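Colleague: Got a structure for you, final07.txt, holding compact mmCIF, C-alpha atoms.
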```
# COMPACT_ATOMS: atom_id res chain seq x y z
CA MET A 1306 200.35 -40.18 117.63
CA ARG A 1307 199.60 -42.40 114.64
CA LEU A 1308 202.18 -45.00 113.72
CA ARG A 1309 203.87 -44.17 110.45
CA HIS A 1310 204.90 -47.72 109.51
CA LEU A 1311 202.95 -48.48 106.36
CA HIS A 1312 200.96 -51.70 106.43
CA LEU A 1313 199.53 -52.89 103.14
CA ILE A 1314 196.20 -54.45 102.29
CA VAL A 1315 196.36 -56.05 98.84
CA ALA A 1316 193.39 -55.92 96.46
CA PRO A 1317 192.85 -55.92 92.72
CA LEU A 1318 191.79 -52.93 90.67
CA ALA A 1319 188.40 -51.44 91.46
CA PHE A 1320 186.42 -51.72 94.61
CA VAL A 1321 182.99 -53.16 94.03
CA ALA A 1322 180.54 -50.44 95.03
CA ALA A 1323 176.92 -51.01 95.81
CA CYS A 1324 174.01 -49.12 97.29
CA ALA A 1325 171.61 -49.76 100.10
CA THR A 1326 168.22 -49.02 101.52
CA GLY A 1327 166.16 -49.47 104.63
CA SER A 1328 167.83 -50.00 107.99
CA ARG A 1329 167.81 -52.04 111.13
CA SER A 1330 168.98 -49.21 113.38
CA THR A 1331 169.63 -45.51 113.19
CA ALA A 1332 172.83 -43.86 114.37
CA ARG A 1333 173.26 -40.15 114.72
CA VAL A 1334 176.96 -39.67 114.30
CA GLY A 1335 176.57 -36.01 115.20
CA SER A 1336 179.39 -33.54 114.74
CA ALA A 1337 183.04 -33.97 113.97
CA ARG A 1338 185.41 -34.94 116.73
CA PRO A 1339 189.19 -35.15 116.81
CA ALA A 1340 190.66 -38.56 116.07
CA ASN A 1341 192.60 -40.75 118.50
CA GLY A 1342 191.68 -38.75 121.59
CA ARG A 1343 193.35 -35.53 120.49
CA THR A 1344 192.13 -32.21 121.84
CA VAL A 1345 189.45 -30.16 120.10
CA GLY A 1346 190.63 -29.15 116.63
CA CYS A 1347 189.71 -26.67 113.95
CA LEU A 1348 187.04 -28.90 112.42
CA ASP A 1349 185.14 -28.89 115.72
CA THR A 1350 184.76 -25.13 115.52
CA LEU A 1351 182.85 -25.23 112.20
CA GLN A 1352 179.08 -25.18 112.32
CA ALA A 1353 177.40 -27.83 110.17
CA ALA A 1354 174.77 -26.50 107.76
CA ASP A 1355 172.55 -29.55 108.30
CA THR A 1356 172.64 -33.33 108.49
CA VAL A 1357 172.09 -35.75 105.63
CA SER A 1358 170.13 -38.93 106.26
CA MET A 1359 171.86 -41.90 104.69
CA VAL A 1360 171.67 -45.65 104.78
CA VAL A 1361 174.95 -47.41 105.48
CA LYS A 1362 175.02 -50.49 103.28
CA MET A 1363 177.24 -53.44 102.60
CA SER A 1364 178.31 -54.94 99.30
CA VAL A 1365 180.06 -58.30 99.02
CA ALA A 1366 181.88 -59.40 95.87
CA PRO A 1367 184.52 -61.95 94.88
CA LEU A 1368 188.06 -60.64 94.92
CA ASP A 1369 188.55 -62.27 91.52
CA PRO A 1370 186.03 -60.67 89.12
CA LYS A 1371 186.01 -63.89 87.08
CA VAL A 1372 184.45 -65.78 90.00
CA GLU A 1373 180.67 -65.78 90.41
CA LEU A 1374 179.12 -65.91 93.87
CA PRO A 1375 176.40 -68.49 94.54
CA LYS A 1376 172.80 -67.26 94.37
CA ASP A 1377 171.75 -65.18 97.40
CA PHE A 1378 175.30 -65.32 98.81
CA GLU A 1379 175.53 -61.56 99.28
CA SER A 1380 172.13 -61.15 100.95
CA LEU A 1381 172.80 -64.08 103.31
CA PHE A 1382 176.25 -62.69 104.15
CA VAL A 1383 174.88 -59.22 104.97
CA GLN A 1384 172.05 -60.69 107.03
CA GLU A 1385 174.46 -62.74 109.14
CA PHE A 1386 176.90 -59.82 109.50
CA ARG A 1387 174.12 -57.50 110.64
CA SER A 1388 173.05 -59.94 113.36
CA HIS A 1389 176.55 -59.73 114.89
CA PHE A 1390 177.39 -56.08 114.20
CA ARG A 1391 177.26 -53.67 117.14
CA MET A 1392 177.38 -49.97 116.39
CA PRO A 1393 179.75 -48.06 118.73
CA ALA A 1394 177.93 -45.94 121.32
CA THR A 1395 179.80 -42.87 120.07
CA LEU A 1396 181.33 -42.50 116.64
CA PRO A 1397 183.57 -39.45 116.14
CA LEU A 1398 184.20 -38.58 112.49
CA ASN A 1399 187.05 -36.49 111.08
CA VAL A 1400 187.49 -37.44 107.40
CA VAL A 1401 185.79 -35.11 104.92
CA LYS A 1402 184.83 -35.54 101.26
CA GLY A 1403 183.57 -32.92 98.85
CA ALA A 1404 179.87 -32.18 98.51
CA GLU A 1405 178.57 -31.22 95.07
CA PRO A 1406 178.66 -29.05 93.12
CA CYS A 1407 182.39 -29.42 92.43
CA ASP A 1408 184.65 -27.99 89.72
CA SER A 1409 185.38 -29.87 86.49
CA LEU A 1410 188.49 -31.48 88.00
CA GLY A 1411 186.70 -32.50 91.18
CA SER A 1412 189.36 -30.82 93.32
CA ARG A 1413 187.21 -28.01 94.74
CA CYS A 1414 183.64 -28.31 95.97
CA SER A 1415 181.09 -25.92 97.39
CA GLY A 1416 180.91 -27.84 100.65
CA GLY A 1417 181.97 -30.95 102.51
CA ILE A 1418 180.42 -33.90 104.27
CA LEU A 1419 181.92 -36.19 106.90
CA SER A 1420 182.83 -39.71 105.77
CA LEU A 1421 181.93 -43.05 107.31
CA GLY A 1422 182.91 -46.46 106.06
CA ALA A 1423 185.29 -49.40 106.05
CA LEU A 1424 186.73 -51.88 103.58
CA ALA A 1425 187.34 -55.50 104.50
CA TYR A 1426 188.78 -58.65 102.99
CA ALA A 1427 187.99 -62.21 104.01
CA THR A 1428 187.94 -65.70 102.53
CA ALA A 1429 184.61 -67.54 102.75
CA ARG A 1430 185.06 -71.28 103.27
CA SER A 1431 182.80 -74.23 102.64
CA ASP A 1432 182.56 -75.00 106.38
CA GLY A 1433 180.88 -71.63 107.03
CA LYS A 1434 184.00 -70.00 108.45
CA LEU A 1435 185.80 -66.84 107.33
CA SER A 1436 189.58 -66.65 107.25
CA ASP A 1437 192.22 -64.08 106.31
CA ILE A 1438 190.10 -61.26 107.74
CA GLN A 1439 191.58 -57.79 107.27
CA VAL A 1440 189.87 -54.42 107.75
CA VAL A 1441 191.05 -51.16 106.16
CA ASP A 1442 190.10 -48.13 108.27
CA ILE A 1443 189.43 -45.80 105.33
CA ALA A 1444 187.57 -43.19 107.42
CA LEU A 1445 189.97 -43.19 110.40
CA THR A 1446 187.21 -44.40 112.73
CA PRO A 1447 188.96 -47.17 114.69
CA LEU A 1448 185.86 -47.91 116.79
CA PHE A 1449 183.85 -48.57 113.64
CA ALA A 1450 186.64 -50.63 112.04
CA ASP A 1451 186.91 -52.69 115.25
CA SER A 1452 183.14 -53.32 115.22
CA VAL A 1453 183.32 -54.51 111.61
CA ASN A 1454 186.25 -56.79 112.46
CA SER A 1455 184.42 -58.18 115.50
CA ALA A 1456 181.27 -58.97 113.50
CA LEU A 1457 183.27 -60.81 110.84
CA ARG A 1458 185.10 -62.84 113.50
CA TRP A 1459 181.80 -63.70 115.20
CA MET A 1460 180.62 -65.04 111.85
CA THR A 1461 183.59 -67.38 111.61
CA ARG A 1462 183.22 -68.53 115.22
CA SER A 1463 179.57 -69.38 114.65
CA GLN A 1464 180.35 -70.97 111.26
CA MET A 1465 177.34 -69.20 109.78
CA GLY A 1466 178.89 -67.95 106.55
CA PRO A 1467 176.82 -68.53 103.39
CA PRO A 1468 177.38 -71.73 101.36
CA THR A 1469 180.20 -71.40 98.81
CA GLY A 1470 178.58 -73.76 96.32
CA ASP A 1471 181.00 -76.03 94.49
CA LYS A 1472 184.05 -74.05 95.68
CA ASP A 1473 186.10 -74.84 98.77
CA SER A 1474 186.81 -71.14 99.35
CA ILE A 1475 186.10 -67.71 97.83
CA PRO A 1476 188.24 -64.64 98.63
CA LEU A 1477 185.92 -61.65 99.14
CA VAL A 1478 186.05 -57.87 99.14
CA ILE A 1479 183.51 -56.26 101.46
CA GLN A 1480 182.55 -52.60 101.32
CA ILE A 1481 180.59 -50.77 103.99
CA GLY A 1482 179.60 -47.17 103.34
CA PRO A 1483 176.76 -44.65 103.10
CA GLU A 1484 174.26 -44.40 100.28
CA GLU A 1485 172.33 -41.18 99.73
CA ALA A 1486 169.75 -42.87 97.48
CA PRO A 1487 168.52 -45.72 99.69
CA ASP A 1488 165.58 -46.59 97.43
CA SER A 1489 168.04 -47.76 94.79
CA VAL A 1490 169.18 -50.81 96.76
CA PRO A 1491 167.42 -53.84 98.30
CA ALA A 1492 166.78 -53.46 102.02
CA VAL A 1493 168.60 -56.73 102.65
CA ARG A 1494 171.91 -54.91 102.13
CA HIS A 1495 171.22 -52.26 104.80
CA VAL A 1496 173.39 -52.33 107.92
CA PHE A 1497 172.06 -49.21 109.68
CA SER A 1498 170.97 -45.64 108.91
CA ALA A 1499 172.81 -42.50 109.99
CA LYS A 1500 172.54 -38.73 110.01
CA ILE A 1501 175.85 -37.28 108.82
CA PRO A 1502 176.83 -33.59 109.16
CA ARG A 1503 177.21 -31.53 106.00
CA TYR A 1504 179.06 -28.20 105.79
CA ASP A 1505 178.62 -25.23 103.45
CA TRP A 1506 182.26 -24.16 103.82
CA PRO A 1507 184.31 -24.42 100.57
CA PHE A 1508 186.22 -27.71 100.37
CA THR A 1509 189.53 -28.38 98.61
CA TYR A 1510 190.96 -31.89 98.27
CA ALA A 1511 194.50 -32.84 99.33
CA ALA A 1512 197.32 -32.48 96.82
CA MET A 1513 200.84 -33.80 96.30
CA PRO A 1514 203.75 -31.56 97.29
CA ALA A 1515 205.34 -29.61 94.44
CA ALA A 1516 208.34 -31.97 94.50
CA GLY A 1517 206.04 -34.96 93.98
CA VAL A 1518 206.46 -38.38 95.59
CA ASN A 1519 210.07 -39.46 95.15
CA ALA A 1520 209.66 -43.21 94.62
CA ALA A 1521 212.95 -44.79 93.55
CA TYR A 1522 213.03 -47.04 90.50
CA PRO A 1523 213.77 -50.56 91.81
CA PHE A 1524 217.31 -51.54 90.82
CA ALA A 1525 216.40 -55.08 89.70
CA ALA A 1526 213.49 -53.76 87.61
CA ARG A 1527 215.76 -51.21 85.96
CA LEU A 1528 218.24 -53.94 84.99
CA ALA A 1529 215.43 -56.08 83.60
CA ASN A 1530 213.89 -53.15 81.71
CA VAL A 1531 210.58 -53.71 83.55
CA GLU A 1532 207.92 -50.99 83.86
CA ASP A 1533 204.84 -50.83 86.06
CA SER A 1534 202.18 -48.55 87.50
CA VAL A 1535 201.02 -48.68 91.11
CA THR A 1536 197.61 -47.37 92.15
CA LEU A 1537 196.92 -46.83 95.84
CA ALA A 1538 193.97 -45.48 97.77
CA PHE A 1539 194.76 -43.83 101.10
CA THR A 1540 193.60 -41.21 103.57
CA VAL A 1541 195.64 -38.03 103.94
CA ASP A 1542 195.45 -36.80 107.53
CA ALA A 1543 194.98 -33.16 108.49
CA ASP A 1544 198.74 -32.81 108.97
CA GLY A 1545 199.44 -34.05 105.42
CA ALA A 1546 200.75 -37.49 106.48
CA ILE A 1547 199.40 -40.71 105.00
CA ALA A 1548 197.39 -42.69 107.58
CA ALA A 1549 199.02 -46.14 107.62
CA GLU A 1550 195.85 -48.01 108.55
CA SER A 1551 194.01 -46.59 105.53
CA ILE A 1552 196.30 -47.73 102.70
CA GLU A 1553 194.87 -50.04 100.07
CA LEU A 1554 196.67 -51.42 97.04
CA VAL A 1555 194.26 -51.04 94.13
CA SER A 1556 196.50 -52.33 91.35
CA ALA A 1557 200.13 -53.22 90.60
CA ASN A 1558 202.07 -56.02 88.92
CA TYR A 1559 205.38 -56.19 90.82
CA ARG A 1560 205.99 -56.08 94.55
CA ASP A 1561 209.25 -54.10 94.25
CA PHE A 1562 207.42 -51.13 92.75
CA VAL A 1563 204.81 -51.23 95.53
CA THR A 1564 207.53 -51.29 98.18
CA SER A 1565 209.21 -48.30 96.55
CA VAL A 1566 205.99 -46.27 96.56
CA LEU A 1567 205.16 -47.16 100.18
CA ASP A 1568 208.65 -46.17 101.28
CA ALA A 1569 208.36 -42.84 99.47
CA LEU A 1570 204.90 -42.14 100.92
CA SER A 1571 206.18 -42.72 104.45
CA ARG A 1572 208.55 -39.80 103.90
CA THR A 1573 206.11 -37.51 102.05
CA ARG A 1574 203.82 -34.81 103.39
CA TYR A 1575 200.89 -33.86 101.19
CA HIS A 1576 199.13 -30.52 101.18
CA PRO A 1577 196.11 -31.46 103.32
CA ALA A 1578 192.51 -30.94 102.31
CA HIS A 1579 190.77 -27.83 103.62
CA LEU A 1580 187.21 -27.21 104.71
CA GLY A 1581 186.99 -23.45 104.99
CA ASP A 1582 190.21 -22.47 106.75
CA CYS A 1583 190.53 -25.80 108.55
CA ALA A 1584 192.97 -28.49 107.44
CA VAL A 1585 191.07 -31.79 107.43
CA ALA A 1586 191.64 -35.45 106.58
CA THR A 1587 190.33 -36.79 103.27
CA ARG A 1588 190.55 -39.92 101.11
CA MET A 1589 192.20 -40.01 97.71
CA LYS A 1590 193.38 -42.46 95.05
CA GLN A 1591 196.61 -41.97 93.12
CA ARG A 1592 198.50 -43.73 90.34
CA PHE A 1593 202.30 -43.86 90.33
CA LEU A 1594 203.85 -44.58 86.94
CA PHE A 1595 207.29 -46.13 86.49
CA LYS A 1596 208.89 -45.81 83.04
CA VAL A 1597 212.34 -47.19 82.28
CA PRO A 1598 214.78 -44.25 82.31
CA GLU A 1599 216.32 -43.53 78.93
```
Re-express the file's structure as structure tokens.
Modeller:
Amino acid sequence: MRLRHLHLIVAPLAFVAACATGSRSTARVGSARPANGRTVGCLDTLQAADTVSMVVKMSVAPLDPKVELPKDFESLFVQEFRSHFRMPATLPLNVVKGAEPCDSLGSRCSGGILSLGALAYATARSDGKLSDIQVVDIALTPLFADSVNSALRWMTRSQMGPPTGDKDSIPLVIQIGPEEAPDSVPAVRHVFSAKIPRYDWPFTYAAMPAAGVNAAYPFAARLANVEDSVTLAFTVDADGAIAAESIELVSANYRDFVTSVLDALSRTRYHPAHLGDCAVATRMKQRFLFKVPE
């Protein structure tokens, strides 16, 4: 059973997305499997229409968008990461995203495809080490997240991180995920290639309960007449609960508001996503707005 205590990975607004091409290895992730050793579930009973060949790529960017990385930093980082990364022998997937075409709101799609990826944070240092390493398991694939974490820690042990130029340290955001158009990205950013199952069953994204998410207005903020908005990205499990290991803070200004939202989410059950008649896990991003009560 997944722990419900909500851990928080802090990041600024907007992930930095990139694409990839070519590959060093090919992984067939095969069909869906239940997460965390659970018994066969509804998703396992659905027949995939086909598999989609994708390149899984890495993008590396400074956490502070005002900072510029040294020349070739990203390509050197990916190259070193790839030399230490070991793909798990088996990789069960259970998080689904919509496959186009979708409706104008993007809430319903004609099909679904299994998701693979991870988000990581680390600080590159001038001595070649990485510190403050944190991995967000956005696709609920703990084996994959562990492999990403291990590769990053091997990099710091070997002190083979790229030069940071005239800076002592650079906080980084690292994205690893599939790219359906591999020719659009330099091969140097490829980590591996994969064949990912795609389904023709209608897909509907997760939705908030009718009562909404009851996040309390922080008392101190109310007294100070302070307002804020909190944007989180998270994965809604097939039972409607928020997966703690998947939560990412995208933007916010005040910690008290973030704490309020996290507390409310721990007590909230969403309407889960559906692929055909099967409830499935999916990823979503949501903004919570706090306005001073009149």
Colleague: Between A:Phe1378, A:Tyr1559, A:Phe1497, A:Trp1459, which is the closest to Met1359 in chain A once you count all atoms listed in the file?
Modeller: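 Between A:Phe1378, A:Tyr1559, A:Phe1497, A:Trp1459, the residue approaching Met1359 in chain A most closely is A:Phe1497.
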Colleague: So what do you get for CA of Leu1457 in chain A versus CA of Phe1386 in chain A, distance-wise?
Modeller: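 Going from CA of Leu1457 in chain A over to CA of Phe1386 in chain A covers 6.6 Å.
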Colleague: Which residues come within 7 Å of Ala1569 in chain A, counting all atoms listed in the file, excluding same-chain residues fewer than 5 positions away, as a ChimeraX atom specification?
Modeller: /A:1518-1520
Colleague: Quick one: pull the distance between CA of Ala1450 in chain A and CA of Ile1547 in chain A, Å, one decimal.
Modeller: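 CA of Ile1547 in chain A lies 17.6 Å from CA of Ala1450 in chain A.
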Colleague: Would you mind telling me which residue in A:Val1372, A:Ala1492, A:Met1392, A:Ala1511 lies nearest to Thr1446 in chain A when using only C-alpha atoms?
Modeller: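 Looking at the shortest contact to Thr1446 in chain A, the residue is A:Met1392.
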Colleague: Can you measure CA of Leu1410 in chain A to CA of Asp1568 in chain A for me? One decimal in Å is fine.
Modeller: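 So the answer is 28.3 Å.
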Colleague: List the spatial neighbours of Asp1369 in chain A as a ChimeraX atom specification - criterion: any atom at most 9 Å away, only C-alpha atoms, same-chain residues fewer than 3 positions off excluded.
Modeller: /A:1317,1366,1372-1373,1475-1477
Colleague: From the list A:Cys1347, A:Leu1594, A:Leu1424, A:Cys1407, which residue is nearest Ile1438 in chain A when using all atoms listed in the file?
Modeller: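 Nearest to Ile1438 in chain A: A:Leu1424.
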